[in-house]
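So the structure is just underneath, and the comments pick up after that.
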Amino acid sequence: MNTIPTPLFDFHAHTTASDGTLTPTELVTLAKQLGLIAMAITDHDTIAGLPDGSAKAKEFGIYFLHGVELNTDASGVEVDILGYFVDIEDPTFINMVEYRQGERIRRATEMVSKLIELGFNITYERVREIAGGVIARPHIAQALIENGYASSQKDAYARLIGFGAPAYAKRDPLKPEVAIKHIKSAGGVPIIAHPGLIGDDSIVHDLLNQGAEGLEAYYAYHTKEQQDKYLAIANDYNVIVSCGSDYHGPNRNKNKMLGSVVTPIQVMETLVDKVQEAWHTYKIKAVK
Ligand SMILES: [Zn+2]
């Protein structure tokens, strides 16, 4: 008996536009090799990788969602909000992501300065080189590891650059509910990324009450219990469900493969419908 193989899709992946190791073109080429039928690029606080990714996906006939992952702060707890199909030409949205990136650079510079003051021999140039695109704390950790000051990213965070450590610096916090509003105003659908990693379900409930439209229940690093729990919560709130591997390319700590999260096809259908609906509503409003 012939059975149709389950199609692969993945709505959470990073490129060199933020902290991934593959360019948008390389990521989409990998998606093609793996046989994905639909995908999104969701770089941290940037939409810079979307035009190249989208063009390549079009060439290969892969359904491509514009995505972004906004890193936010819910009173000291890190919460990531995924936004699908935001208008990448919306000036307010562009300004917002540019400001967030500026804050990343300011923060990284401050942390490197603190490390230098503490006597560590690292340079901002090297951190920027490691980063390639958007600078994040893992790149500072990498510079510390290279010079033998830390044994791992975890070690670097615990002793030097994690919350409360001597070279830690804050950036202007973005509240998750504000990120949700930004995404919606740019025509996108906001979804709470990997709710199981937040570690506090009251935040998940709060954000669902404040306009989040879905949960990334199918996530590469969720346990089966977490997956089932967030599927049930999504069902209770009647919001959509998303799925993602959070693939960062080869040679990253996160190493679950693109398209590896086994997800029922209905999830993709519902997500794509919802995203298209939001986009159409936005376009109608935009021309008025
Ligand atoms: Zn991510």
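Identifiers for the structure tokens are assigned positionally: chains receive A, B, ... in sequence, residues are indexed from 1 per chain, and ligands are indexed from 1 in the order shown.
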
Exercise. What do you get as a PyMOL selection string if you pick all residues at most 10 Å from ligand 1, counting only C-alpha atoms and all ligand atoms?
Worked result: chain A and resi 11-14+18-20+41-44+68-71+80-82+193-194+244-248+254

Based on DSSP run over this structure's backbone, return all residues of region 79-230 of chain A in alpha helix (DSSP H), as a PDB file with N, CA and C atoms, in the first residue's frame.
```pdb
ATOM      1  N   PRO A  91       7.433  51.285   7.994  1.00  0.00           N
ATOM      2  CA  PRO A  91       8.512  52.110   8.558  1.00  0.00           C
ATOM      3  C   PRO A  91       8.595  52.044  10.084  1.00  0.00           C
ATOM      4  N   THR A  92       7.445  51.969  10.754  1.00  0.00           N
ATOM      5  CA  THR A  92       7.469  51.904  12.224  1.00  0.00           C
ATOM      6  C   THR A  92       8.138  50.607  12.686  1.00  0.00           C
ATOM      7  N   PHE A  93       7.820  49.529  11.994  1.00  0.00           N
ATOM      8  CA  PHE A  93       8.407  48.238  12.371  1.00  0.00           C
ATOM      9  C   PHE A  93       9.915  48.224  12.096  1.00  0.00           C
ATOM     10  N   ILE A  94      10.289  48.778  10.939  1.00  0.00           N
ATOM     11  CA  ILE A  94      11.718  48.850  10.589  1.00  0.00           C
ATOM     12  C   ILE A  94      12.477  49.658  11.652  1.00  0.00           C
ATOM     13  N   ASN A  95      11.899  50.812  12.040  1.00  0.00           N
ATOM     14  CA  ASN A  95      12.536  51.642  13.073  1.00  0.00           C
ATOM     15  C   ASN A  95      12.697  50.882  14.373  1.00  0.00           C
ATOM     16  N   MET A  96      11.654  50.139  14.733  1.00  0.00           N
ATOM     17  CA  MET A  96      11.678  49.398  15.997  1.00  0.00           C
ATOM     18  C   MET A  96      12.790  48.350  15.977  1.00  0.00           C
ATOM     19  N   VAL A  97      12.878  47.537  14.915  1.00  0.00           N
ATOM     20  CA  VAL A  97      13.929  46.502  14.901  1.00  0.00           C
ATOM     21  C   VAL A  97      15.322  47.138  14.827  1.00  0.00           C
ATOM     22  N   GLU A  98      15.413  48.265  14.122  1.00  0.00           N
ATOM     23  CA  GLU A  98      16.734  48.935  14.060  1.00  0.00           C
ATOM     24  C   GLU A  98      17.140  49.436  15.445  1.00  0.00           C
ATOM     25  N   TYR A  99      16.159  49.958  16.185  1.00  0.00           N
ATOM     26  CA  TYR A  99      16.450  50.409  17.548  1.00  0.00           C
ATOM     27  C   TYR A  99      16.888  49.225  18.423  1.00  0.00           C
ATOM     28  N   ARG A 100      16.189  48.093  18.289  1.00  0.00           N
ATOM     29  CA  ARG A 100      16.535  46.902  19.094  1.00  0.00           C
ATOM     30  C   ARG A 100      17.972  46.446  18.775  1.00  0.00           C
ATOM     31  N   GLN A 101      18.339  46.508  17.499  1.00  0.00           N
ATOM     32  CA  GLN A 101      19.700  46.102  17.118  1.00  0.00           C
ATOM     33  C   GLN A 101      20.729  47.077  17.663  1.00  0.00           C
ATOM     34  N   GLY A 102      20.393  48.376  17.629  1.00  0.00           N
ATOM     35  CA  GLY A 102      21.277  49.393  18.188  1.00  0.00           C
ATOM     36  C   GLY A 102      21.521  49.127  19.666  1.00  0.00           C
ATOM     37  N   GLU A 103      20.441  48.727  20.364  1.00  0.00           N
ATOM     38  CA  GLU A 103      20.555  48.409  21.785  1.00  0.00           C
ATOM     39  C   GLU A 103      21.454  47.192  22.017  1.00  0.00           C
ATOM     40  N   ARG A 104      21.365  46.210  21.118  1.00  0.00           N
ATOM     41  CA  ARG A 104      22.239  45.026  21.223  1.00  0.00           C
ATOM     42  C   ARG A 104      23.702  45.431  21.124  1.00  0.00           C
ATOM     43  N   ILE A 105      23.985  46.339  20.160  1.00  0.00           N
ATOM     44  CA  ILE A 105      25.371  46.764  19.942  1.00  0.00           C
ATOM     45  C   ILE A 105      25.863  47.540  21.160  1.00  0.00           C
ATOM     46  N   ARG A 106      24.995  48.451  21.657  1.00  0.00           N
ATOM     47  CA  ARG A 106      25.365  49.249  22.829  1.00  0.00           C
ATOM     48  C   ARG A 106      25.651  48.335  24.024  1.00  0.00           C
ATOM     49  N   ARG A 107      24.772  47.338  24.203  1.00  0.00           N
ATOM     50  CA  ARG A 107      24.931  46.435  25.332  1.00  0.00           C
ATOM     51  C   ARG A 107      26.204  45.590  25.200  1.00  0.00           C
ATOM     52  N   ALA A 108      26.444  45.074  23.979  1.00  0.00           N
ATOM     53  CA  ALA A 108      27.638  44.239  23.775  1.00  0.00           C
ATOM     54  C   ALA A 108      28.900  45.055  24.032  1.00  0.00           C
ATOM     55  N   THR A 109      28.890  46.312  23.563  1.00  0.00           N
ATOM     56  CA  THR A 109      30.052  47.182  23.772  1.00  0.00           C
ATOM     57  C   THR A 109      30.284  47.379  25.266  1.00  0.00           C
ATOM     58  N   GLU A 110      29.190  47.601  25.994  1.00  0.00           N
ATOM     59  CA  GLU A 110      29.304  47.825  27.442  1.00  0.00           C
ATOM     60  C   GLU A 110      29.856  46.572  28.144  1.00  0.00           C
ATOM     61  N   MET A 111      29.377  45.408  27.735  1.00  0.00           N
ATOM     62  CA  MET A 111      29.856  44.178  28.374  1.00  0.00           C
ATOM     63  C   MET A 111      31.335  43.925  28.072  1.00  0.00           C
ATOM     64  N   VAL A 112      31.721  44.175  26.824  1.00  0.00           N
ATOM     65  CA  VAL A 112      33.136  43.982  26.467  1.00  0.00           C
ATOM     66  C   VAL A 112      34.005  44.972  27.257  1.00  0.00           C
ATOM     67  N   SER A 113      33.544  46.235  27.368  1.00  0.00           N
ATOM     68  CA  SER A 113      34.304  47.230  28.155  1.00  0.00           C
ATOM     69  C   SER A 113      34.475  46.765  29.595  1.00  0.00           C
ATOM     70  N   LYS A 114      33.395  46.234  30.169  1.00  0.00           N
ATOM     71  CA  LYS A 114      33.479  45.752  31.557  1.00  0.00           C
ATOM     72  C   LYS A 114      34.485  44.610  31.676  1.00  0.00           C
ATOM     73  N   LEU A 115      34.484  43.716  30.688  1.00  0.00           N
ATOM     74  CA  LEU A 115      35.433  42.586  30.713  1.00  0.00           C
ATOM     75  C   LEU A 115      36.870  43.092  30.619  1.00  0.00           C
ATOM     76  N   ILE A 116      37.078  44.091  29.745  1.00  0.00           N
ATOM     77  CA  ILE A 116      38.433  44.645  29.588  1.00  0.00           C
ATOM     78  C   ILE A 116      38.878  45.290  30.907  1.00  0.00           C
ATOM     79  N   GLU A 117      37.955  46.049  31.517  1.00  0.00           N
ATOM     80  CA  GLU A 117      38.259  46.659  32.821  1.00  0.00           C
ATOM     81  C   GLU A 117      38.608  45.622  33.876  1.00  0.00           C
ATOM     82  N   TYR A 124      36.229  44.074  21.094  1.00  0.00           N
ATOM     83  CA  TYR A 124      34.911  44.192  20.496  1.00  0.00           C
ATOM     84  C   TYR A 124      34.949  43.746  19.029  1.00  0.00           C
ATOM     85  N   GLU A 125      36.067  44.036  18.359  1.00  0.00           N
ATOM     86  CA  GLU A 125      36.204  43.666  16.942  1.00  0.00           C
ATOM     87  C   GLU A 125      36.065  42.152  16.771  1.00  0.00           C
ATOM     88  N   ARG A 126      36.709  41.409  17.693  1.00  0.00           N
ATOM     89  CA  ARG A 126      36.650  39.946  17.592  1.00  0.00           C
ATOM     90  C   ARG A 126      35.209  39.457  17.828  1.00  0.00           C
ATOM     91  N   VAL A 127      34.521  40.067  18.785  1.00  0.00           N
ATOM     92  CA  VAL A 127      33.134  39.663  19.068  1.00  0.00           C
ATOM     93  C   VAL A 127      32.274  39.908  17.826  1.00  0.00           C
ATOM     94  N   ARG A 128      32.508  41.036  17.185  1.00  0.00           N
ATOM     95  CA  ARG A 128      31.731  41.381  15.995  1.00  0.00           C
ATOM     96  C   ARG A 128      32.033  40.404  14.850  1.00  0.00           C
ATOM     97  N   GLU A 129      33.293  40.026  14.748  1.00  0.00           N
ATOM     98  CA  GLU A 129      33.709  39.047  13.732  1.00  0.00           C
ATOM     99  C   GLU A 129      33.013  37.703  13.949  1.00  0.00           C
ATOM    100  N   ILE A 130      32.979  37.273  15.225  1.00  0.00           N
ATOM    101  CA  ILE A 130      32.335  35.995  15.546  1.00  0.00           C
ATOM    102  C   ILE A 130      30.850  36.080  15.199  1.00  0.00           C
ATOM    103  N   ALA A 131      30.256  37.222  15.528  1.00  0.00           N
ATOM    104  CA  ALA A 131      28.812  37.383  15.332  1.00  0.00           C
ATOM    105  C   ALA A 131      28.439  37.372  13.852  1.00  0.00           C
ATOM    106  N   ARG A 137      24.869  37.727  23.230  1.00  0.00           N
ATOM    107  CA  ARG A 137      25.767  37.298  24.298  1.00  0.00           C
ATOM    108  C   ARG A 137      26.581  36.037  23.967  1.00  0.00           C
ATOM    109  N   PRO A 138      25.993  35.054  23.231  1.00  0.00           N
ATOM    110  CA  PRO A 138      26.802  33.866  22.907  1.00  0.00           C
ATOM    111  C   PRO A 138      28.109  34.213  22.189  1.00  0.00           C
ATOM    112  N   HIS A 139      28.098  35.330  21.436  1.00  0.00           N
ATOM    113  CA  HIS A 139      29.325  35.706  20.711  1.00  0.00           C
ATOM    114  C   HIS A 139      30.401  36.206  21.674  1.00  0.00           C
ATOM    115  N   ILE A 140      29.979  36.902  22.720  1.00  0.00           N
ATOM    116  CA  ILE A 140      30.945  37.338  23.740  1.00  0.00           C
ATOM    117  C   ILE A 140      31.479  36.096  24.466  1.00  0.00           C
ATOM    118  N   ALA A 141      30.564  35.176  24.757  1.00  0.00           N
ATOM    119  CA  ALA A 141      30.977  33.924  25.417  1.00  0.00           C
ATOM    120  C   ALA A 141      32.019  33.204  24.561  1.00  0.00           C
ATOM    121  N   GLN A 142      31.778  33.172  23.253  1.00  0.00           N
ATOM    122  CA  GLN A 142      32.693  32.496  22.332  1.00  0.00           C
ATOM    123  C   GLN A 142      34.083  33.139  22.374  1.00  0.00           C
ATOM    124  N   ALA A 143      34.121  34.485  22.410  1.00  0.00           N
ATOM    125  CA  ALA A 143      35.402  35.187  22.479  1.00  0.00           C
ATOM    126  C   ALA A 143      36.127  34.837  23.784  1.00  0.00           C
ATOM    127  N   LEU A 144      35.369  34.692  24.861  1.00  0.00           N
ATOM    128  CA  LEU A 144      35.979  34.329  26.150  1.00  0.00           C
ATOM    129  C   LEU A 144      36.525  32.893  26.112  1.00  0.00           C
ATOM    130  N   ILE A 145      35.751  32.002  25.487  1.00  0.00           N
ATOM    131  CA  ILE A 145      36.174  30.596  25.381  1.00  0.00           C
ATOM    132  C   ILE A 145      37.464  30.500  24.553  1.00  0.00           C
ATOM    133  N   GLU A 146      37.473  31.207  23.420  1.00  0.00           N
ATOM    134  CA  GLU A 146      38.657  31.205  22.531  1.00  0.00           C
ATOM    135  C   GLU A 146      39.934  31.573  23.272  1.00  0.00           C
ATOM    136  N   GLN A 153      29.868  28.051  27.107  1.00  0.00           N
ATOM    137  CA  GLN A 153      28.958  29.197  27.162  1.00  0.00           C
ATOM    138  C   GLN A 153      28.321  29.299  28.550  1.00  0.00           C
ATOM    139  N   LYS A 154      27.942  28.146  29.071  1.00  0.00           N
ATOM    140  CA  LYS A 154      27.296  28.113  30.380  1.00  0.00           C
ATOM    141  C   LYS A 154      28.225  28.693  31.453  1.00  0.00           C
ATOM    142  N   ASP A 155      29.478  28.275  31.383  1.00  0.00           N
ATOM    143  CA  ASP A 155      30.487  28.737  32.332  1.00  0.00           C
ATOM    144  C   ASP A 155      30.682  30.259  32.202  1.00  0.00           C
ATOM    145  N   ALA A 156      30.758  30.752  30.955  1.00  0.00           N
ATOM    146  CA  ALA A 156      30.937  32.194  30.725  1.00  0.00           C
ATOM    147  C   ALA A 156      29.757  32.982  31.303  1.00  0.00           C
ATOM    148  N   PRO A 176       7.015  42.054  26.427  1.00  0.00           N
ATOM    149  CA  PRO A 176       6.409  41.160  25.428  1.00  0.00           C
ATOM    150  C   PRO A 176       5.075  41.678  24.893  1.00  0.00           C
ATOM    151  N   GLU A 177       4.283  42.321  25.758  1.00  0.00           N
ATOM    152  CA  GLU A 177       2.975  42.806  25.278  1.00  0.00           C
ATOM    153  C   GLU A 177       3.159  43.936  24.253  1.00  0.00           C
ATOM    154  N   VAL A 178       4.272  44.682  24.394  1.00  0.00           N
ATOM    155  CA  VAL A 178       4.570  45.746  23.419  1.00  0.00           C
ATOM    156  C   VAL A 178       5.029  45.110  22.095  1.00  0.00           C
ATOM    157  N   ALA A 179       5.843  44.068  22.196  1.00  0.00           N
ATOM    158  CA  ALA A 179       6.284  43.353  20.988  1.00  0.00           C
ATOM    159  C   ALA A 179       5.071  42.801  20.232  1.00  0.00           C
ATOM    160  N   ILE A 180       4.118  42.286  20.961  1.00  0.00           N
ATOM    161  CA  ILE A 180       2.883  41.745  20.355  1.00  0.00           C
ATOM    162  C   ILE A 180       2.177  42.851  19.570  1.00  0.00           C
ATOM    163  N   LYS A 181       2.093  44.032  20.175  1.00  0.00           N
ATOM    164  CA  LYS A 181       1.433  45.169  19.496  1.00  0.00           C
ATOM    165  C   LYS A 181       2.190  45.571  18.233  1.00  0.00           C
ATOM    166  N   HIS A 182       3.525  45.621  18.331  1.00  0.00           N
ATOM    167  CA  HIS A 182       4.345  45.978  17.156  1.00  0.00           C
ATOM    168  C   HIS A 182       4.080  45.011  16.000  1.00  0.00           C
ATOM    169  N   ILE A 183       4.061  43.738  16.317  1.00  0.00           N
ATOM    170  CA  ILE A 183       3.871  42.711  15.278  1.00  0.00           C
ATOM    171  C   ILE A 183       2.494  42.872  14.634  1.00  0.00           C
ATOM    172  N   LYS A 184       1.484  43.078  15.482  1.00  0.00           N
ATOM    173  CA  LYS A 184       0.125  43.212  14.937  1.00  0.00           C
ATOM    174  C   LYS A 184      -0.002  44.470  14.086  1.00  0.00           C
ATOM    175  N   SER A 185       0.594  45.573  14.534  1.00  0.00           N
ATOM    176  CA  SER A 185       0.475  46.816  13.753  1.00  0.00           C
ATOM    177  C   SER A 185       1.178  46.703  12.413  1.00  0.00           C
ATOM    178  N   ASP A 201       4.251  29.600  33.654  1.00  0.00           N
ATOM    179  CA  ASP A 201       3.054  29.578  32.809  1.00  0.00           C
ATOM    180  C   ASP A 201       2.114  30.758  33.047  1.00  0.00           C
ATOM    181  N   SER A 202       2.276  31.450  34.180  1.00  0.00           N
ATOM    182  CA  SER A 202       1.386  32.612  34.402  1.00  0.00           C
ATOM    183  C   SER A 202       1.691  33.687  33.351  1.00  0.00           C
ATOM    184  N   ILE A 203       2.955  33.754  32.911  1.00  0.00           N
ATOM    185  CA  ILE A 203       3.330  34.711  31.848  1.00  0.00           C
ATOM    186  C   ILE A 203       2.648  34.309  30.542  1.00  0.00           C
ATOM    187  N   VAL A 204       2.640  33.012  30.266  1.00  0.00           N
ATOM    188  CA  VAL A 204       2.000  32.508  29.043  1.00  0.00           C
ATOM    189  C   VAL A 204       0.515  32.894  29.047  1.00  0.00           C
ATOM    190  N   HIS A 205      -0.150  32.659  30.170  1.00  0.00           N
ATOM    191  CA  HIS A 205      -1.577  33.010  30.266  1.00  0.00           C
ATOM    192  C   HIS A 205      -1.778  34.517  30.117  1.00  0.00           C
ATOM    193  N   ASP A 206      -0.945  35.300  30.778  1.00  0.00           N
ATOM    194  CA  ASP A 206      -1.053  36.765  30.683  1.00  0.00           C
ATOM    195  C   ASP A 206      -0.956  37.221  29.231  1.00  0.00           C
ATOM    196  N   LEU A 207       0.029  36.688  28.510  1.00  0.00           N
ATOM    197  CA  LEU A 207       0.256  37.138  27.134  1.00  0.00           C
ATOM    198  C   LEU A 207      -0.858  36.673  26.198  1.00  0.00           C
ATOM    199  N   LEU A 208      -1.419  35.508  26.476  1.00  0.00           N
ATOM    200  CA  LEU A 208      -2.562  35.059  25.664  1.00  0.00           C
ATOM    201  C   LEU A 208      -3.755  35.984  25.907  1.00  0.00           C
ATOM    202  N   ASN A 209      -3.852  36.505  27.124  1.00  0.00           N
ATOM    203  CA  ASN A 209      -4.933  37.460  27.411  1.00  0.00           C
ATOM    204  C   ASN A 209      -4.626  38.855  26.860  1.00  0.00           C
ATOM    205  N   LYS A 224       7.624  15.817  25.591  1.00  0.00           N
ATOM    206  CA  LYS A 224       6.288  15.405  25.154  1.00  0.00           C
ATOM    207  C   LYS A 224       5.239  15.994  26.123  1.00  0.00           C
ATOM    208  N   GLU A 225       5.559  16.023  27.406  1.00  0.00           N
ATOM    209  CA  GLU A 225       4.619  16.560  28.410  1.00  0.00           C
ATOM    210  C   GLU A 225       4.382  18.045  28.157  1.00  0.00           C
ATOM    211  N   GLN A 226       5.478  18.764  27.892  1.00  0.00           N
ATOM    212  CA  GLN A 226       5.329  20.211  27.624  1.00  0.00           C
ATOM    213  C   GLN A 226       4.507  20.413  26.354  1.00  0.00           C
ATOM    214  N   GLN A 227       4.807  19.641  25.330  1.00  0.00           N
ATOM    215  CA  GLN A 227       4.072  19.761  24.071  1.00  0.00           C
ATOM    216  C   GLN A 227       2.568  19.571  24.330  1.00  0.00           C
ATOM    217  N   ASP A 228       2.226  18.513  25.050  1.00  0.00           N
ATOM    218  CA  ASP A 228       0.806  18.223  25.318  1.00  0.00           C
ATOM    219  C   ASP A 228       0.171  19.331  26.159  1.00  0.00           C
ATOM    220  N   LYS A 229       0.917  19.825  27.129  1.00  0.00           N
ATOM    221  CA  LYS A 229       0.382  20.885  27.990  1.00  0.00           C
ATOM    222  C   LYS A 229       0.065  22.139  27.173  1.00  0.00           C
ATOM    223  N   TYR A 230       0.993  22.557  26.290  1.00  0.00           N
ATOM    224  CA  TYR A 230       0.753  23.798  25.541  1.00  0.00           C
ATOM    225  C   TYR A 230      -0.264  23.603  24.419  1.00  0.00           C
TER     226      TYR A 230
END
```

I need the residues in region 238-267 of chain A that are strand (DSSP E) according to DSSP; give them as a PDB file with C-alpha atoms, in the first residue's frame.
```
ATOM      1  CA  ILE A 240      -3.207  28.665  16.829  1.00  0.00           C
ATOM      2  CA  VAL A 241      -0.295  26.319  17.294  1.00  0.00           C
ATOM      3  CA  SER A 242       3.086  26.643  15.654  1.00  0.00           C
ATOM      4  CA  CYS A 243       6.082  24.394  15.239  1.00  0.00           C
ATOM      5  CA  GLY A 244       9.785  24.948  14.954  1.00  0.00           C
TER       6      GLY A 244
END
```

Exercise. Which of these residues is nearest to Ile233 (chain A), using only C-alpha atoms: A:Ala17, A:Ile37, A:Leu215, A:Leu65?
Worked result: A:Leu215

For this session: Mind checking which residues fall within 12 Å of Gly53 (chain A), counting only C-alpha atoms, ignoring those fewer than 6 positions away in the same chain, and posting them as a VMD selection string?
Result: chain A and resid 13 to 17 22 to 32 39 to 43 47 59 to 67

Problem set entry | Best match for closeness to Pro264 (chain A) among A:Gly76, A:Leu197, A:Ala212, A:Tyr218, counting only C-alpha atoms | A:Tyr218

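With only C-alpha atoms as the atoms that count, the minimum distance from Asn255 (chain A) to the choices A:Ser152, A:Glu89, A:Tyr221, A:Val267 is reached by A:Tyr221.
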
Exercise. Leaving out Asp87 (chain A) and any residue of its chain fewer than 6 positions from it, which residues lie within 8 Å of it when counting only C-alpha atoms, given as a list in words?
Worked result: Phe93, Ala186, Gly187 and Gly188 of chain A
